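protein_11.cif (mmCIF, C-alpha atoms) appears below.
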data_protein
#
loop_
_atom_site.label_atom_id
_atom_site.label_comp_id
_atom_site.auth_asym_id
_atom_site.auth_seq_id
_atom_site.Cartn_x
_atom_site.Cartn_y
_atom_site.Cartn_z
CA MET A 75 -7.99 32.05 -31.07
CA ALA A 76 -9.65 30.55 -28.01
CA LYS A 77 -10.86 33.02 -25.41
CA ILE A 78 -10.63 31.40 -22.02
CA ARG A 79 -11.71 32.93 -18.74
CA LEU A 80 -10.17 31.34 -15.68
CA CYS A 81 -12.04 32.19 -12.52
CA CYS A 82 -10.12 31.31 -9.36
CA ARG A 83 -9.30 32.31 -5.82
CA PRO A 84 -6.04 34.14 -5.05
CA GLU A 85 -4.88 31.12 -3.01
CA ASP A 86 -5.15 28.83 -6.07
CA ARG A 87 -1.48 29.44 -6.89
CA GLU A 88 -1.21 26.36 -9.08
CA LEU A 89 -4.00 27.60 -11.35
CA HIS A 90 -2.40 31.03 -11.66
CA LEU A 91 0.91 29.39 -12.50
CA LEU A 92 -0.71 27.00 -15.00
CA ALA A 93 -2.55 29.88 -16.66
CA SER A 94 0.65 31.88 -17.01
CA TYR A 95 2.54 28.87 -18.34
CA VAL A 96 -0.15 28.10 -20.91
CA SER A 97 -0.51 31.70 -22.08
CA ARG A 98 3.29 32.02 -22.43
CA SER A 99 3.52 28.71 -24.31
CA ALA A 100 0.88 29.62 -26.90
CA PRO A 101 0.34 33.40 -26.78
CA SER A 102 -1.05 33.72 -30.31
CA GLN A 103 -3.61 30.92 -29.96
CA VAL A 104 -4.97 31.42 -26.45
CA GLU A 105 -6.34 34.59 -24.91
CA LEU A 106 -6.49 33.95 -21.19
CA GLN A 107 -8.17 36.24 -18.69
CA LEU A 108 -7.85 35.69 -14.93
CA VAL A 109 -10.90 36.69 -12.92
CA PRO A 110 -11.20 36.61 -9.10
CA SER A 111 -13.83 34.14 -7.97
CA SER A 112 -14.89 32.23 -4.88
CA SER A 113 -14.43 28.88 -6.62
CA PRO A 114 -12.28 27.67 -9.53
CA GLN A 115 -14.09 27.66 -12.88
CA LEU A 116 -13.08 27.69 -16.51
CA LEU A 117 -15.23 29.57 -19.01
CA VAL A 118 -14.56 29.22 -22.72
CA ASP A 119 -15.42 31.87 -25.32
CA SER A 120 -17.26 34.00 -22.72
CA SER A 121 -19.78 31.25 -22.14
CA SER A 122 -21.91 31.71 -19.06
CA ALA A 123 -21.74 27.98 -18.33
CA ALA A 124 -18.59 26.67 -16.72
CA ALA A 125 -16.59 24.24 -18.83
CA ALA A 126 -15.08 22.89 -15.62
CA GLU A 127 -15.22 23.46 -11.88
CA GLY A 128 -12.70 22.57 -9.19
CA VAL A 129 -8.91 22.74 -9.32
CA GLN A 130 -8.32 19.34 -10.96
CA ALA A 131 -11.15 19.65 -13.46
CA VAL A 132 -10.15 23.22 -14.38
CA SER A 133 -6.51 22.18 -14.83
CA ARG A 134 -7.40 19.19 -17.01
CA SER A 135 -9.82 21.26 -19.07
CA LEU A 136 -7.39 24.16 -19.52
CA VAL A 137 -4.61 21.87 -20.72
CA GLY A 138 -7.03 19.99 -22.99
CA ARG A 139 -8.45 23.18 -24.50
CA CYS A 140 -5.00 24.53 -25.23
CA GLN A 141 -4.00 21.22 -26.77
CA SER A 142 -7.03 21.20 -29.05
CA GLN A 143 -6.76 24.90 -29.94
CA CYS A 144 -3.09 25.14 -30.78
CA ASN A 145 -1.77 21.59 -30.72
CA ALA A 146 0.89 22.91 -28.33
CA ARG A 147 3.43 20.21 -27.60
CA GLN A 148 3.82 21.67 -24.09
CA ALA A 149 0.13 21.07 -23.38
CA VAL A 150 0.41 17.43 -24.40
CA CYS A 151 3.49 16.92 -22.25
CA LEU A 152 1.81 18.40 -19.19
CA LEU A 153 -0.27 15.24 -18.88
CA GLY A 154 2.53 12.77 -19.63
CA ASP A 155 2.38 10.33 -22.51
CA GLY A 156 -1.39 9.88 -22.33
CA SER A 157 -1.28 6.45 -20.71
CA ALA A 158 -3.53 5.68 -17.77
CA VAL A 159 -0.50 5.02 -15.58
CA GLN A 160 1.09 8.42 -16.25
CA ASP A 161 -2.26 10.17 -15.99
CA ALA A 162 -2.79 8.61 -12.55
CA ALA A 163 0.75 9.53 -11.48
CA VAL A 164 0.30 13.15 -12.56
CA TRP A 165 -2.95 13.51 -10.64
CA GLN A 166 -1.55 11.71 -7.60
CA TRP A 167 1.21 14.30 -7.37
CA CYS A 168 -1.26 17.14 -7.98
CA GLU A 169 -3.18 15.82 -4.98
CA PHE A 170 0.08 15.68 -2.99
CA ALA A 171 0.56 19.36 -3.80
CA GLN A 172 -2.95 20.21 -2.59
CA GLN A 173 -2.29 18.35 0.67
CA LEU A 174 1.13 19.99 1.08
CA ARG A 175 -0.48 23.41 1.01
CA THR A 176 -2.58 22.60 4.07
CA SER A 177 -0.23 20.15 5.82
CA SER A 178 1.10 20.94 9.27
CA SER A 179 4.07 18.62 8.62
CA LYS A 180 5.68 20.25 5.60
CA THR A 181 9.13 19.01 6.65
CA THR A 182 8.03 15.37 6.43
CA ALA A 183 6.42 15.95 3.04
CA LEU A 184 9.56 17.66 1.70
CA GLN A 185 11.72 14.80 3.01
CA GLN A 186 9.50 12.33 1.13
CA LEU A 187 9.67 14.46 -2.01
CA ASN A 188 13.47 14.78 -1.72
CA LYS A 189 13.81 10.99 -1.38
CA TRP A 190 11.48 10.46 -4.37
CA LEU A 191 13.52 12.87 -6.49
CA SER A 192 16.81 11.14 -5.65
CA SER A 193 16.34 8.89 -8.71
CA ARG A 194 14.21 11.14 -10.92
CA ASN A 195 14.45 14.49 -12.69
CA PHE A 196 10.72 15.17 -12.53
CA VAL A 197 7.98 14.28 -10.08
CA ALA A 198 5.57 12.10 -12.08
CA THR A 199 6.86 11.53 -15.59
CA GLU A 200 10.08 11.52 -17.63
CA SER A 201 9.60 15.20 -18.49
CA PHE A 202 8.06 18.35 -17.02
CA SER A 203 4.36 17.80 -16.29
CA LEU A 204 1.39 19.35 -14.59
CA ALA A 205 2.47 17.50 -11.43
CA ASP A 206 5.77 19.42 -11.37
CA LEU A 207 3.92 22.68 -11.85
CA PHE A 208 1.46 21.94 -9.00
CA VAL A 209 4.14 20.71 -6.59
CA TYR A 210 6.34 23.70 -7.44
CA ALA A 211 3.46 26.09 -6.74
CA ALA A 212 2.86 24.41 -3.36
CA CYS A 213 6.57 24.41 -2.47
CA TYR A 214 7.44 27.96 -3.52
CA PRO A 215 6.05 29.67 -0.40
CA ILE A 216 7.84 27.12 1.80
CA VAL A 217 11.17 27.66 0.06
CA ALA A 218 10.68 31.44 0.02
CA SER A 219 10.10 31.55 3.78
CA SER A 220 13.04 32.79 5.79
CA ASN A 221 13.08 29.74 8.05
CA PHE A 222 13.49 27.11 5.32
CA SER A 223 16.80 25.24 5.55
CA PHE A 224 18.16 23.64 2.38
CA GLY A 225 20.34 21.19 4.29
CA GLY A 226 19.53 17.60 3.39
CA TYR A 227 17.28 18.53 0.45
CA ARG A 228 19.76 18.46 -2.44
CA HIS A 229 17.51 16.46 -4.80
CA PHE A 230 14.57 18.72 -4.02
CA VAL A 231 16.70 21.86 -4.57
CA ARG A 232 17.96 20.51 -7.93
CA TRP A 233 14.40 19.79 -9.05
CA PHE A 234 13.11 23.14 -7.70
CA GLU A 235 15.77 25.09 -9.62
CA GLN A 236 15.04 23.09 -12.75
CA VAL A 237 11.31 23.83 -12.60
CA HIS A 238 11.89 27.46 -11.59
CA ASN A 239 14.00 27.92 -14.75
CA THR A 240 11.65 26.09 -17.13
CA ASP A 241 10.50 28.11 -20.15
CA GLY A 242 7.05 29.45 -19.39
CA ILE A 243 7.71 29.41 -15.63
CA ARG A 244 10.90 31.46 -15.44
CA GLY A 245 10.11 34.94 -14.19
CA LEU A 246 6.62 34.19 -12.90
CA TYR A 247 7.82 34.09 -9.31
CA PRO A 248 10.72 36.10 -7.92
CA ALA A 249 14.09 34.35 -8.09
CA LEU A 250 15.30 32.79 -4.87
CA ALA A 251 18.86 32.38 -3.67
CA LEU A 252 19.13 28.59 -3.55
CA TYR A 253 22.31 27.25 -2.07
CA ARG A 254 23.47 23.77 -2.94
CA VAL A 255 24.40 21.53 -0.04
#
Final structure tokens representation of the file:
Amino acid sequence: MAKIRLCCRPEDRELHLLASYVSRSAPSQVELQLVPSSSPQLLVDSSSAAAAEGVQAVSRSLVGRCQSQCNARQAVCLLGDGSAVQDAAVWQWCEFAQQLRTSSSKTTALQQLNKWLSSRNFVATESFSLADLFVYAACYPIVASSNFSFGGYRHFVRWFEQVHNTDGIRGLYPALALYRV
């Protein structure tokens, strides 16, 4: 069993969500401990040296470690099919999520996402990926806010419900009353 220590800030919602997803997907092979820290780091087997630093590097390393430790199909799928094109698409959407968190124009970003999802079930690949997890984590506080209007976001709402109800994600965040438009 791999012992992994994920050190991250409370505001690194996507890392908390990824950690929960990974530990739920392979509970007997991965022992994951979340530790508050001023910067994201991944420590493996109580090593004092960081295996990775930074949100993207920690995410990639965590998924890779779980893949190598338990050969979890979910871990493989989180990065797409392994091609350079899908890898780039996944990380592009992870970057979108990071920008969405700090964007002053969240409405414009959600409109773009809604339009993108009009012909897709998932953000970056043909199946659930790390990109969906990151974008979901960035969108959850927006959707949970009392002033969010679902009007005109039907593709986004469909995708959001789908991710919210994905095995390994379901129950991590409180359920929201999403109304279809």
Specify as a ChimeraX atom specification each residue included when the PyMOL selection byres ((chain A and resi 244-250) around 9) is applied to this file. /A:91,94-95,214,217-218,237-243,251-252
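Using all atoms listed in the file, the contacts of stretch 161-165 of chain A at a cut-off of 6 Å, with sequence neighbours closer than 3 positions omitted, comprise Ala158, Cys168, Ala198 and Ala205 of chain A.
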Distance atom CA of A:Lys180-atom CA of A:Pro84, one decimal place?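 Interatomic distance here is 21.1 Å.
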Selected residue, from A:Trp167, A:Tyr227, A:Phe234, A:Phe196, that lies nearest to A:Cys213 when counting only C-alpha atoms: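 For A:Cys213, the nearest of the candidates is A:Phe234.
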One decimal, in Å: what's the spacing between atom CA of A:Arg83 and atom CA of A:Ser203?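 Atom CA of A:Ser203 lies at a distance of 22.5 Å from atom CA of A:Arg83.
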From the list A:Leu187, A:Ile216, A:Val197, A:Ala93, which residue is nearest A:Phe230 when using all atoms listed in the file?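 Closest residue, counting all atoms listed in the file: A:Leu187.
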